>>> print(open('start_3.cif').read())   # mmCIF, C-alpha atoms
data_data
#
loop_
_atom_site.label_atom_id
_atom_site.label_comp_id
_atom_site.auth_asym_id
_atom_site.auth_seq_id
_atom_site.Cartn_x
_atom_site.Cartn_y
_atom_site.Cartn_z
CA MET A 36 124.93 102.60 105.80
CA VAL A 37 125.15 105.07 102.91
CA MET A 38 127.75 104.19 100.31
CA ALA A 39 129.18 106.88 98.08
CA HIS A 40 129.61 106.41 94.41
CA PRO A 41 131.74 108.93 92.46
CA LEU A 42 129.28 110.34 89.94
CA ALA A 43 129.43 113.72 88.38
CA ILE A 44 126.38 115.68 87.29
CA MET A 45 126.72 118.32 84.64
CA ARG A 46 124.81 121.40 85.67
CA ARG A 47 125.38 124.85 84.22
CA GLY A 48 128.67 123.72 82.78
CA LYS A 49 130.09 122.64 86.15
CA CYS A 50 130.81 119.20 87.54
CA ARG A 51 130.44 118.26 91.18
CA PRO A 52 130.38 114.91 92.99
CA VAL A 53 127.12 113.40 94.19
CA ASP A 54 126.62 110.89 97.02
CA LEU A 55 123.88 108.37 96.28
CA THR A 56 121.78 106.71 98.94
CA PRO A 57 120.89 103.02 98.58
CA ALA A 58 117.65 104.13 96.97
CA GLY A 59 119.69 105.87 94.33
CA ARG A 60 118.46 109.39 95.15
CA ASP A 61 120.34 112.61 95.85
CA ASP A 62 117.97 114.66 97.98
CA ASN A 63 120.14 117.77 97.93
CA HIS A 64 120.18 118.11 94.15
CA ASP A 65 116.83 116.44 93.40
CA CYS A 66 118.33 113.94 90.93
CA VAL A 67 117.52 110.26 90.60
CA ALA A 68 120.04 107.66 89.44
CA ARG A 69 118.70 104.66 87.59
CA ARG A 70 119.99 101.28 88.78
CA SER A 71 122.47 99.65 86.45
CA LEU A 72 121.68 96.26 84.95
CA THR A 73 124.95 94.88 86.25
CA GLY A 74 124.78 95.84 89.89
CA THR A 75 123.15 97.99 92.56
CA PHE A 76 124.57 101.06 94.14
CA ALA A 77 124.03 99.64 97.60
CA ASN A 78 126.40 96.71 97.37
CA SER A 79 128.48 96.93 94.20
CA THR A 80 129.91 99.27 91.63
CA PRO A 81 127.78 99.42 88.48
CA ASP A 82 129.34 99.22 85.06
CA ARG A 83 127.55 102.35 83.91
CA ALA A 84 125.31 104.86 85.65
CA VAL A 85 122.73 107.08 84.00
CA VAL A 86 121.57 110.14 85.91
CA HIS A 87 118.31 111.96 85.22
CA CYS A 88 117.73 115.54 86.38
CA LYS A 89 114.56 117.60 86.51
CA ARG A 90 115.86 119.67 83.63
CA ASN A 91 115.59 116.63 81.30
CA MET A 92 119.37 116.45 81.24
CA ARG A 93 120.76 112.93 80.78
CA THR A 94 124.45 112.19 81.16
CA THR A 95 125.95 108.78 80.43
CA LEU A 96 129.11 108.31 82.41
CA PRO A 97 131.92 105.95 81.50
CA PRO A 98 132.30 102.84 83.66
CA THR A 99 134.69 103.09 86.54
CA LYS A 100 135.75 99.48 86.04
CA SER A 101 135.01 97.24 83.08
CA ARG A 102 133.29 94.00 83.95
CA ILE A 103 134.94 91.01 82.31
CA THR A 104 133.30 87.61 82.82
CA GLN A 105 135.30 84.44 82.37
CA TYR A 106 133.14 81.45 81.46
CA PRO A 107 134.45 77.89 81.71
CA LEU A 108 135.10 76.45 78.27
CA LYS A 109 135.88 72.91 77.29
CA ASP A 110 139.51 72.40 76.35
CA PRO A 111 139.90 71.79 72.61
CA GLU A 112 141.01 68.35 71.52
CA ARG A 113 142.34 69.31 68.08
CA CYS A 114 143.47 72.36 66.19
CA PRO A 115 140.58 73.74 64.07
CA HIS A 116 143.05 74.58 61.27
CA CYS A 117 145.21 71.46 60.86
CA ASN A 118 143.45 68.93 63.14
CA SER A 119 146.60 68.37 65.20
CA ARG A 120 146.53 67.37 68.88
CA ARG A 121 149.75 69.25 69.75
CA LEU A 122 148.15 72.14 71.62
CA ILE A 123 149.43 74.41 74.37
CA ARG A 124 147.84 77.24 76.32
CA LYS A 125 148.75 80.74 75.20
CA GLY A 126 147.20 83.06 77.78
CA THR A 127 143.80 84.77 77.46
CA ARG A 128 142.12 87.31 75.24
CA LYS A 129 139.95 90.01 76.77
CA LYS A 130 136.84 90.69 74.77
CA LYS A 131 134.23 93.31 75.48
CA LEU A 132 132.15 91.17 77.81
CA GLU A 133 134.25 88.13 78.57
CA SER A 134 137.75 86.76 78.81
CA VAL A 135 138.44 83.66 76.68
CA PRO A 136 141.47 81.33 76.76
CA LEU A 137 143.90 81.24 73.87
CA TRP A 138 145.48 78.08 72.50
CA ARG A 139 148.43 77.65 70.18
CA CYS A 140 149.00 74.74 67.80
CA LYS A 141 152.59 73.52 67.80
CA SER A 142 152.14 71.95 64.38
CA CYS A 143 150.87 74.87 62.31
CA GLY A 144 151.78 77.67 64.72
CA ARG A 145 148.32 79.28 64.69
CA THR A 146 146.62 80.74 67.75
CA PHE A 147 142.88 80.25 68.27
CA THR A 148 140.11 80.39 70.84
CA PRO A 149 138.03 77.26 71.63
CA GLY A 150 134.39 77.07 70.69
CA PRO A 151 132.24 76.48 67.62
CA ARG A 152 133.24 78.49 64.57
CA PRO A 153 129.79 80.11 63.96
CA ILE A 154 129.90 82.00 67.28
CA ARG A 155 133.63 82.21 67.91
CA ASN A 156 133.83 85.92 67.16
CA LYS A 157 130.63 87.03 68.89
CA THR A 158 130.59 89.88 71.38
CA TYR A 159 128.36 88.03 73.83
CA PRO A 160 129.44 84.80 75.56
CA ILE A 161 128.22 81.50 74.13
CA ASP A 162 126.22 80.66 77.25
CA GLU A 163 124.11 83.81 76.97
CA ILE A 164 123.43 83.28 73.27
CA LEU A 165 122.25 79.71 73.79
CA GLU A 166 120.07 80.69 76.74
CA ALA A 167 118.42 83.47 74.74
CA ILE A 168 117.66 81.12 71.83
CA THR A 169 116.17 78.58 74.23
CA LEU A 170 113.95 81.12 75.99
CA PHE A 171 112.62 82.42 72.68
CA ASP A 172 111.81 78.94 71.35
CA ARG A 173 110.01 78.11 74.58
CA GLY A 174 107.55 80.87 73.70
CA PHE A 175 108.76 84.07 75.31
CA THR A 176 108.66 87.19 73.16
CA LEU A 177 111.85 88.90 72.07
CA GLN A 178 111.28 91.64 74.64
CA GLU A 179 110.61 89.15 77.45
CA THR A 180 113.67 87.15 76.43
CA ALA A 181 115.82 90.30 76.48
CA GLU A 182 114.58 91.16 79.98
CA LYS A 183 115.26 87.66 81.29
CA ILE A 184 118.77 87.62 79.81
CA SER A 185 119.50 91.03 81.30
CA SER A 186 118.22 89.92 84.69
CA ARG A 187 120.15 86.65 84.73
CA PHE A 188 123.49 87.69 83.25
CA GLY A 189 123.53 91.32 84.33
CA ARG A 190 123.88 93.02 80.97
CA HIS A 191 121.59 94.29 78.28
CA ALA A 192 120.79 92.33 75.13
CA SER A 193 118.39 94.04 72.73
CA PRO A 194 115.46 92.18 71.11
CA SER A 195 116.98 92.78 67.67
CA THR A 196 120.21 91.11 68.79
CA ILE A 197 118.32 88.06 70.04
CA SER A 198 116.35 87.90 66.80
CA ARG A 199 119.62 87.85 64.88
CA TRP A 200 120.96 85.01 67.04
CA VAL A 201 117.90 82.88 66.31
CA SER A 202 118.02 83.54 62.55
CA GLU A 203 121.73 82.66 62.36
CA HIS A 204 121.12 79.00 63.33
CA PRO A 205 118.03 77.84 61.39
CA GLN A 206 119.22 74.22 61.15
CA LEU A 207 119.61 73.94 64.92
CA THR A 208 116.42 75.80 65.89
CA THR A 209 113.88 73.96 63.78
CA TYR A 210 111.19 74.26 66.46
CA THR A 211 110.93 77.95 65.61
CA ARG A 212 108.57 77.08 62.74
CA LEU A 213 106.26 75.29 65.22
CA ARG A 214 106.58 77.89 67.97
CA THR A 215 103.49 79.95 67.09
CA ARG A 216 101.28 76.86 66.97
CA GLY A 217 102.69 75.62 70.26
CA LEU A 218 101.82 78.90 72.00
CA LYS A 219 98.16 78.39 71.16
CA SER A 220 98.09 75.35 73.45
CA PHE A 221 100.65 76.10 76.16
CA LYS A 222 102.17 79.14 77.81
CA PRO A 223 105.98 79.49 77.73
CA THR A 224 106.25 78.31 81.33
CA GLN A 225 104.07 75.26 80.59
CA THR A 226 105.58 74.12 77.29
CA ILE A 227 108.12 71.77 78.88
CA ARG A 228 107.30 69.63 81.89
CA ALA A 229 110.28 68.48 83.95
CA ILE A 230 110.24 66.00 86.83
CA LYS A 231 113.19 65.00 88.99
CA LEU A 232 113.52 61.25 89.43
CA TYR A 233 115.50 59.98 92.40
CA HIS A 234 116.83 56.71 90.98
CA ARG A 235 120.06 56.08 92.90
CA GLN A 236 121.08 59.42 91.47
CA VAL A 237 118.97 62.36 90.34
CA TYR A 238 117.67 62.32 86.75
CA GLU A 239 115.67 65.19 85.28
CA PHE A 240 113.07 63.62 83.05
CA ALA A 241 111.37 66.15 80.78
CA TYR A 242 109.06 66.11 77.79
CA HIS A 243 107.78 68.77 75.40
CA ARG A 244 104.01 69.03 75.75
CA ALA A 245 103.43 70.91 72.51
CA LYS A 246 105.44 68.41 70.46
CA LEU A 247 103.44 65.53 71.90
CA GLY A 248 100.30 67.28 70.65
CA PHE A 249 101.83 67.63 67.19
CA LEU A 250 102.89 63.97 67.34
CA ARG A 251 99.31 62.89 67.96
CA ASP A 252 97.82 64.90 65.09
CA GLY A 253 100.61 64.00 62.63
CA THR A 254 102.03 67.51 62.18
CA LEU A 255 105.32 67.17 64.03
CA ASP A 256 107.27 66.58 60.82
CA LEU A 257 105.93 68.85 58.07
CA LYS A 258 108.51 67.54 55.59
CA ARG A 259 106.92 64.10 55.68
CA SER A 260 103.21 63.97 54.95
CA SER A 261 101.50 61.87 57.58
CA SER A 262 97.90 60.84 57.93
CA THR A 263 96.16 60.29 61.23
CA SER A 264 96.10 56.54 60.61
CA SER A 265 99.85 56.35 59.97
CA THR A 266 100.76 58.26 63.14
CA ALA A 267 98.21 56.60 65.42
CA ARG A 268 100.87 54.10 66.54
CA PHE A 269 102.72 56.99 68.23
CA ASP A 270 99.74 57.84 70.45
CA ALA A 271 100.79 55.11 72.89
CA LEU A 272 104.28 56.63 73.04
CA ALA A 273 102.86 60.05 73.95
CA ASP A 274 100.59 58.46 76.56
CA PHE A 275 103.54 56.57 78.05
CA LEU A 276 105.65 59.73 78.41
CA GLU A 277 102.84 61.66 80.07
CA SER A 278 102.10 58.81 82.49
CA ILE A 279 105.67 58.29 83.70
CA PRO A 280 105.35 60.51 86.83
CA GLN A 281 102.48 58.27 88.03
CA THR A 282 103.44 54.84 86.68
CA CYS A 283 107.22 54.76 87.04
CA PRO A 284 108.19 52.06 89.62
CA TYR A 285 110.63 54.09 91.68
CA ASP A 286 111.48 51.18 93.98
CA LEU A 287 112.56 49.10 90.98
CA PHE A 288 115.26 51.62 90.10
CA SER A 289 116.63 51.51 93.65
CA ARG A 290 116.87 47.75 94.04
CA GLU A 291 120.33 46.27 94.43
CA ASP A 292 119.50 43.00 92.67
CA GLY A 293 118.42 44.77 89.48
CA ALA A 294 120.69 45.30 86.48
CA ARG A 295 121.35 48.55 84.70
CA SER A 296 120.99 48.53 80.93
CA SER A 297 124.62 49.61 80.60
CA GLN A 298 125.67 46.48 82.55
CA VAL A 299 123.92 43.94 80.32
CA GLY A 300 126.33 41.93 78.18
CA ALA A 301 126.18 41.72 74.39
CA ASP A 302 125.61 37.96 74.25
CA PHE A 303 121.84 38.17 73.83
CA PHE A 304 121.89 39.18 70.16
CA THR A 305 123.56 38.09 66.95
CA PRO A 306 126.09 40.68 65.71
CA ASP A 307 126.47 39.05 62.28
CA ASN A 308 123.66 41.10 60.75
CA LEU A 309 124.59 44.32 62.52
CA VAL A 310 125.11 47.27 60.20
CA VAL A 311 126.26 50.55 61.76
CA THR A 312 125.93 53.60 59.55
CA THR A 313 127.95 56.74 60.19
CA LYS A 314 126.23 59.84 58.91
CA GLU A 315 125.89 63.58 59.36
CA ASN A 316 123.13 64.66 61.71
CA ALA A 317 121.86 67.79 63.42
CA ALA A 318 122.65 66.16 66.77
CA THR A 319 126.39 66.38 66.11
CA GLU A 320 126.05 70.03 65.11
CA MET A 321 124.10 70.80 68.28
CA ALA A 322 126.70 69.02 70.38
CA GLY A 323 129.44 71.00 68.65
CA LEU A 324 127.58 74.22 69.42
CA VAL A 325 126.56 73.56 73.02
CA LEU A 326 129.29 71.43 74.59
CA PRO A 327 132.27 73.78 74.07
CA ALA A 328 130.50 76.20 76.41
CA VAL A 329 130.29 73.55 79.16
CA GLY A 330 133.11 73.66 81.64
CA THR A 331 132.62 70.32 83.44
CA ASN A 332 131.71 66.81 82.31
CA HIS A 333 128.87 66.70 84.86
CA GLU A 334 127.01 69.44 82.98
CA ARG A 335 127.39 67.94 79.49
CA HIS A 336 124.24 65.85 79.37
CA PRO A 337 121.83 68.35 80.99
CA LYS A 338 122.99 71.29 78.85
CA LEU A 339 122.74 69.39 75.59
CA GLN A 340 119.44 67.76 76.50
CA ARG A 341 117.77 71.02 77.51
CA PHE A 342 118.90 72.76 74.32
CA MET A 343 117.72 69.96 72.04
CA LEU A 344 114.38 69.59 73.80
CA ALA A 345 113.57 73.30 73.50
CA ASN A 346 114.99 74.06 70.05
CA ASP A 347 114.93 70.86 67.99
CA SER A 348 111.57 70.05 66.40
CA THR A 349 112.09 66.28 66.64
CA THR A 350 113.25 65.82 70.26
CA ILE A 351 110.17 65.03 72.36
CA ALA A 352 111.71 63.88 75.67
CA VAL A 353 114.99 63.48 77.56
CA GLU A 354 116.18 61.19 80.37
CA VAL A 355 113.24 58.85 79.75
CA PRO A 356 113.14 56.01 82.31
CA VAL A 357 112.54 52.52 80.91
CA TRP A 358 112.28 49.31 82.86
CA LEU A 359 111.73 45.58 82.49
CA THR A 360 110.42 43.45 85.32
CA ALA A 361 111.07 39.72 85.62
CA ASN A 362 107.81 38.97 83.80
CA ASP A 363 108.68 41.47 81.05
CA ILE A 364 112.10 39.87 80.58
CA ALA A 365 110.56 36.42 80.34
CA ALA A 366 108.07 37.61 77.71
CA ILE A 367 110.79 39.24 75.59
CA GLU A 368 113.08 36.22 75.85
CA LYS A 369 110.26 33.97 74.67
CA LYS A 370 109.33 36.30 71.82
CA TYR A 371 112.84 36.72 70.42
CA GLY A 372 114.33 33.39 71.41
CA THR A 373 117.17 34.88 73.42
CA ARG A 374 118.26 35.48 77.01
CA LEU A 375 118.73 39.02 78.26
CA LEU A 376 120.25 38.17 81.63
CA SER A 377 122.83 35.48 82.19
CA GLY A 378 122.21 32.79 84.77
CA HIS A 379 118.64 32.10 85.86
CA GLY A 380 117.38 35.21 84.08
CA LYS A 381 115.38 36.63 86.97
CA GLY A 382 115.52 40.15 88.28
CA SER A 383 114.93 43.45 86.50
CA ILE A 384 116.60 45.82 84.06
CA THR A 385 116.36 49.61 84.28
CA GLY A 386 117.82 52.53 82.36
CA HIS A 387 117.33 56.09 81.15
CA ILE A 388 117.20 57.11 77.49
CA ASP A 389 119.27 60.25 76.96
CA ILE A 390 117.28 61.70 74.05
CA LEU A 391 114.08 60.48 72.40
CA GLN A 392 113.14 61.76 68.94
CA VAL A 393 110.42 61.11 66.37
CA ARG A 394 111.27 61.90 62.75
CA ASN A 395 110.77 60.43 59.29
CA GLY A 396 108.12 58.06 60.57
CA ALA A 397 110.36 56.37 63.15
CA VAL A 398 111.30 56.64 66.83
CA HIS A 399 114.98 57.44 67.36
CA ILE A 400 116.77 56.55 70.61
CA LEU A 401 119.93 58.66 71.01
CA ASP A 402 122.73 58.27 73.52
CA TYR A 403 125.48 60.87 73.89
CA LYS A 404 128.93 59.33 74.27
CA PRO A 405 131.99 61.60 74.52
CA ASP A 406 134.15 58.69 73.31
CA ALA A 407 131.81 57.70 70.50
CA ARG A 408 134.67 56.49 68.32
CA THR A 409 135.67 53.69 70.71
CA ASN A 410 132.58 53.24 72.92
CA ARG A 411 129.87 51.34 71.02
CA PRO A 412 126.82 51.01 73.34
CA ILE A 413 124.96 48.62 71.03
CA ALA A 414 123.73 46.31 73.80
CA GLN A 415 122.61 49.24 75.96
CA LEU A 416 120.66 50.90 73.15
CA THR A 417 119.09 47.59 72.14
CA ILE A 418 117.82 47.09 75.69
CA TYR A 419 116.33 50.58 75.50
CA ALA A 420 114.57 49.69 72.24
CA LEU A 421 113.22 46.40 73.63
CA ALA A 422 111.96 48.08 76.81
CA LEU A 423 110.36 51.00 74.98
CA ALA A 424 108.66 48.69 72.48
CA HIS A 425 107.38 46.49 75.29
CA ARG A 426 106.01 49.42 77.30
CA THR A 427 104.34 51.22 74.37
CA GLY A 428 103.37 48.44 71.98
CA LEU A 429 105.63 49.78 69.23
CA LYS A 430 107.37 47.38 66.88
CA LEU A 431 111.13 47.17 66.61
CA PHE A 432 110.61 48.02 62.94
CA ASP A 433 109.59 51.54 64.09
CA ILE A 434 112.71 52.15 66.21
CA LYS A 435 116.24 53.23 65.31
CA CYS A 436 119.15 53.60 67.75
CA ALA A 437 122.20 55.86 67.58
CA TRP A 438 125.08 57.16 69.66
CA PHE A 439 126.90 60.40 68.92
CA ASN A 440 129.26 63.13 70.01
CA GLU A 441 130.43 66.38 68.42
CA ASN A 442 132.10 64.58 65.53
CA GLU A 443 130.26 61.31 64.88
CA TYR A 444 126.72 59.98 64.61
CA CYS A 445 126.45 56.19 64.42
CA GLU A 446 123.06 54.59 63.72
CA PHE A 447 121.75 51.02 63.52
CA PHE A 448 118.47 49.11 63.39
CA PRO A 449 117.93 46.98 66.53
CA ARG A 450 115.56 44.65 64.65
CA LYS A 451 118.52 43.37 62.63
CA LEU A 452 120.06 41.84 65.73
CA PHE A 453 117.36 39.18 66.18
CA THR A 454 116.58 38.00 62.66
CA ALA A 455 118.97 35.05 62.91
CA ARG A 456 117.41 33.67 66.09
CA HIS A 457 113.73 34.48 65.88
CA ALA A 458 111.28 36.00 63.44
CA ILE A 459 110.69 39.51 64.68
CA ASP A 460 107.55 41.58 64.32
CA PRO A 461 106.18 41.54 60.80
CA THR A 462 106.74 44.62 58.73
CA PRO A 463 103.64 46.83 58.65
#
>>> encode(input="start_3.cif", output="structure tokens")
Amino acid sequence: MVMAHPLAIMRRGKCRPVDLTPAGRDDNHDCVARRSLTGTFANSTPDRAVVHCKRNMRTTLPPTKSRITQYPLKDPERCPHCNSRRLIRKGTRKKKLESVPLWRCKSCGRTFTPGPRPIRNKTYPIDEILEAITLFDRGFTLQETAEKISSRFGRHASPSTISRWVSEHPQLTTYTRLRTRGLKSFKPTQTIRAIKLYHRQVYEFAYHRAKLGFLRDGTLDLKRSSSTSSTARFDALADFLESIPQTCPYDLFSREDGARSSQVGADFFTPDNLVVTTKENAATEMAGLVLPAVGTNHERHPKLQRFMLANDSTTIAVEVPVWLTANDIAAIEKKYGTRLLSGHGKGSITGHIDILQVRNGAVHILDYKPDARTNRPIAQLTIYALALAHRTGLKLFDIKCAWFNENEYCEFFPRKLFTARHAIDPTP
């Protein structure tokens, strides 16, 4: 079926309508219409059509209907001006490429749009900007990134625009300085390896292959001079991450008699020596940049994890499975003079580390908690640290744990929790 699209071709000062076939060709007038980036002539109305004639005449026609995309945005919790919670909806604002919700603060009377301040007034939607930055840091050229963005979102983004997006967030895209070196070892499509793990629910475990190479040769953190001997202890960590697809005991994660790390009580450690430090960190800035563009809670973790893995120079893996068998639990209980599981202490413990980083000579275990102010997953993170140390041979001295959201980053040393009961690993 031939669908007509109302185009007008200027020829000898006269305008006349042209019917385009699905191939985009007008055989009567020997003119070819180029397919729009935002639709095809066969099944939709393009935003803009460009017609080429044999006489080298090019006419750009105005769009018949502007295309406004409405992306789901997370509802704001506080007013960005006065920090009040008294917020009400105030309609929407139509921008050039998207429609964003408006909110009004009943305390200060100001109207604002949700989203991080650095990209609140951008022409392009947040989701497209973050995707472009991620594609570039994975190794695609600016031109390839522009083509992929145009293909996925249906509108053109020039390479210079993408370059400007990357340069505007240097603190959040620290892998950019390692990108050229990473491309020498892996192609853009091979830089990150992702495996779906069916452990009661689906987890997408992924690790950055180039960063593991930098971790082995001691060049992952250029700000901290590291010799091969000082970073050799991290080789076992890299080997463990690469071996997970083959060595992970999938049946252990599906057993009903096993315990999840989030279900283990906090009675196996001594909280007297616990010191939790609240500090500023790039993780909170990344969460503040990425999460406002996420419409549902289900997409929070995957979006943030994918962005940090591709763009942060210190994040080496996400959704890392860790496990402790009955024999492992017995060995840890004997070593630290404690009891991980109440009762007879048999069974297993499994869990998944949200984000795994290596920076400043230490392994950092991060857990994203939307309610970080009230939810303190100290026992859960400590189990992660014990399991990771047991599987890789690392010492608790080399591990730090933290939980965070868009506003807070809370960090502690898990080794401090066992000093009152048992002498932990000696300091190197």
>>> atom_distance(input="start_3.cif", atom1="CA of Leu452 (chain A)", atom2="CA of Phe304 (chain A)")
5.5 Å
>>> closest_residue(input="start_3.cif", among="A:Gly323, A:Pro280, A:Gly253, A:Pro356", to="Ser296 (chain A)", atoms="all atoms listed in the file")
A:Pro356
>>> closest_residue(input="start_3.cif", among="A:Lys125, A:Arg295, A:Arg290, A:Arg268", to="Leu375 (chain A)", atoms="only C-alpha atoms")
A:Arg295
>>> closest_residue(input="start_3.cif", among="A:Arg121, A:Arg450, A:Lys430, A:His387", to="Val237 (chain A)", atoms="all atoms listed in the file")
A:His387
>>> closest_residue(input="start_3.cif", among="A:Leu339, A:Val357, A:Leu250, A:Leu324", to="Tyr285 (chain A)", atoms="only C-alpha atoms")
A:Val357
>>> closest_atom_pairs(input="start_3.cif", of="region 274-336 of chain A", to="region 210-230 of chain A", cutoff="12 Å", atoms="all atoms listed in the file", output="CSV")
residue,atom,partner,partner_atom,distance
A:Leu276,CA,A:Arg228,CA,10.6
A:Glu277,CA,A:Arg228,CA,9.3
A:Ser278,CA,A:Ile230,CA,11.7
A:Ile279,CA,A:Ile230,CA,9.5
A:Pro280,CA,A:Ile230,CA,7.4
A:Gln281,CA,A:Ile230,CA,11.0
A:Cys283,CA,A:Ile230,CA,11.6
>>> resolve_selection(input="start_3.cif", expression="the PyMOL selection byres ((chain A and resi 419) around 12)", output="short mmCIF file (atom, residue, chain, number, x, y, z; two decimals) with C-alpha atoms, in the frame of the given file")
data_model
loop_
_atom_site.label_atom_id
_atom_site.label_comp_id
_atom_site.auth_asym_id
_atom_site.auth_seq_id
_atom_site.Cartn_x
_atom_site.Cartn_y
_atom_site.Cartn_z
CA ARG A 295 121.35 48.55 84.70
CA SER A 296 120.99 48.53 80.93
CA SER A 297 124.62 49.61 80.60
CA VAL A 299 123.92 43.94 80.32
CA GLU A 354 116.18 61.19 80.37
CA VAL A 355 113.24 58.85 79.75
CA PRO A 356 113.14 56.01 82.31
CA VAL A 357 112.54 52.52 80.91
CA TRP A 358 112.28 49.31 82.86
CA LEU A 359 111.73 45.58 82.49
CA ILE A 384 116.60 45.82 84.06
CA THR A 385 116.36 49.61 84.28
CA GLY A 386 117.82 52.53 82.36
CA HIS A 387 117.33 56.09 81.15
CA ILE A 388 117.20 57.11 77.49
CA ASP A 389 119.27 60.25 76.96
CA ILE A 390 117.28 61.70 74.05
CA LEU A 391 114.08 60.48 72.40
CA VAL A 398 111.30 56.64 66.83
CA HIS A 399 114.98 57.44 67.36
CA ILE A 400 116.77 56.55 70.61
CA LEU A 401 119.93 58.66 71.01
CA ASP A 402 122.73 58.27 73.52
CA PRO A 412 126.82 51.01 73.34
CA ILE A 413 124.96 48.62 71.03
CA ALA A 414 123.73 46.31 73.80
CA GLN A 415 122.61 49.24 75.96
CA LEU A 416 120.66 50.90 73.15
CA THR A 417 119.09 47.59 72.14
CA ILE A 418 117.82 47.09 75.69
CA ALA A 420 114.57 49.69 72.24
CA LEU A 421 113.22 46.40 73.63
CA ALA A 422 111.96 48.08 76.81
CA LEU A 423 110.36 51.00 74.98
CA ALA A 424 108.66 48.69 72.48
CA HIS A 425 107.38 46.49 75.29
CA ARG A 426 106.01 49.42 77.30
CA LEU A 431 111.13 47.17 66.61
CA ILE A 434 112.71 52.15 66.21
CA LYS A 435 116.24 53.23 65.31
CA CYS A 436 119.15 53.60 67.75
CA ALA A 437 122.20 55.86 67.58
CA PRO A 449 117.93 46.98 66.53
#
>>> atom_distance(input="start_3.cif", atom1="CA of His116 (chain A)", atom2="CA of Leu137 (chain A)")
14.3 Å
>>> residues_around(input="start_3.cif", residues="Leu122 (chain A)", least_positions_apart="3", cutoff="9 Å", atoms="all atoms listed in the file", output="list of chain:residue names")
A:Pro111, A:Glu112, A:Arg113, A:Cys114, A:Ser119, A:Trp138, A:Arg139, A:Cys140, A:Lys141, A:Ser142
>>> residues_around(input="start_3.cif", residues="Glu320 (chain A)", least_positions_apart="5", cutoff="9 Å", atoms="all atoms listed in the file", output="number ranges by chain")
A: 206-207, 315, 325, 441-442
>>> closest_residue(input="start_3.cif", among="A:Ile367, A:Ala301, A:Met343, A:Ala361", to="His243 (chain A)", atoms="all atoms listed in the file")
A:Met343
>>> closest_residue(input="start_3.cif", among="A:Ile164, A:Gln392, A:Asn118, A:Ala245", to="Thr349 (chain A)", atoms="all atoms listed in the file")
A:Gln392
>>> axis_aligned_box(input="start_3.cif", around="region 336-340 of chain A", padding_each_side="5 Å", output="JSON")
{"center_x": 121.8, "center_y": 68.6, "center_z": 78.3, "size_x": 14.8, "size_y": 15.4, "size_z": 15.4}
>>> resolve_selection(input="start_3.cif", expression="the PyMOL selection byres ((chain A and resi 293) around 6)", output="list in words")
Arg290, Glu291, Asp292, Ala294, Gly382, Ser383 and Ile384 of chain A
>>> decode(input="start_3.cif", residues="region 336-362 of chain A", atoms="C-alpha atoms", output="CSV table (one decimal), in the first residue's frame")
chain,number,residue,atom,x,y,z
A,336,HIS,CA,20.2,-0.6,40.5
A,337,PRO,CA,20.9,-1.7,36.9
A,338,LYS,CA,21.0,1.9,35.6
A,339,LEU,CA,23.4,3.1,38.3
A,340,GLN,CA,25.5,0.0,38.1
A,341,ARG,CA,25.9,0.1,34.3
A,342,PHE,CA,26.9,3.8,34.4
A,343,MET,CA,29.5,3.4,37.1
A,344,LEU,CA,31.0,0.3,35.5
A,345,ALA,CA,31.5,2.0,32.2
A,346,ASN,CA,32.4,5.5,33.3
A,347,ASP,CA,34.1,5.3,36.7
A,348,SER,CA,37.7,4.3,36.7
A,349,THR,CA,37.5,2.5,40.0
A,350,THR,CA,34.4,0.3,39.6
A,351,ILE,CA,35.6,-3.1,38.4
A,352,ALA,CA,32.4,-5.3,38.7
A,353,VAL,CA,28.7,-5.2,39.7
A,354,GLU,CA,26.3,-7.7,41.1
A,355,VAL,CA,29.2,-9.9,42.2
A,356,PRO,CA,27.9,-13.2,43.7
A,357,VAL,CA,29.6,-14.4,46.9
A,358,TRP,CA,28.8,-17.5,48.9
A,359,LEU,CA,29.8,-19.4,52.0
A,360,THR,CA,29.3,-23.1,52.3
A,361,ALA,CA,28.9,-24.9,55.6
A,362,ASN,CA,32.7,-25.7,55.7
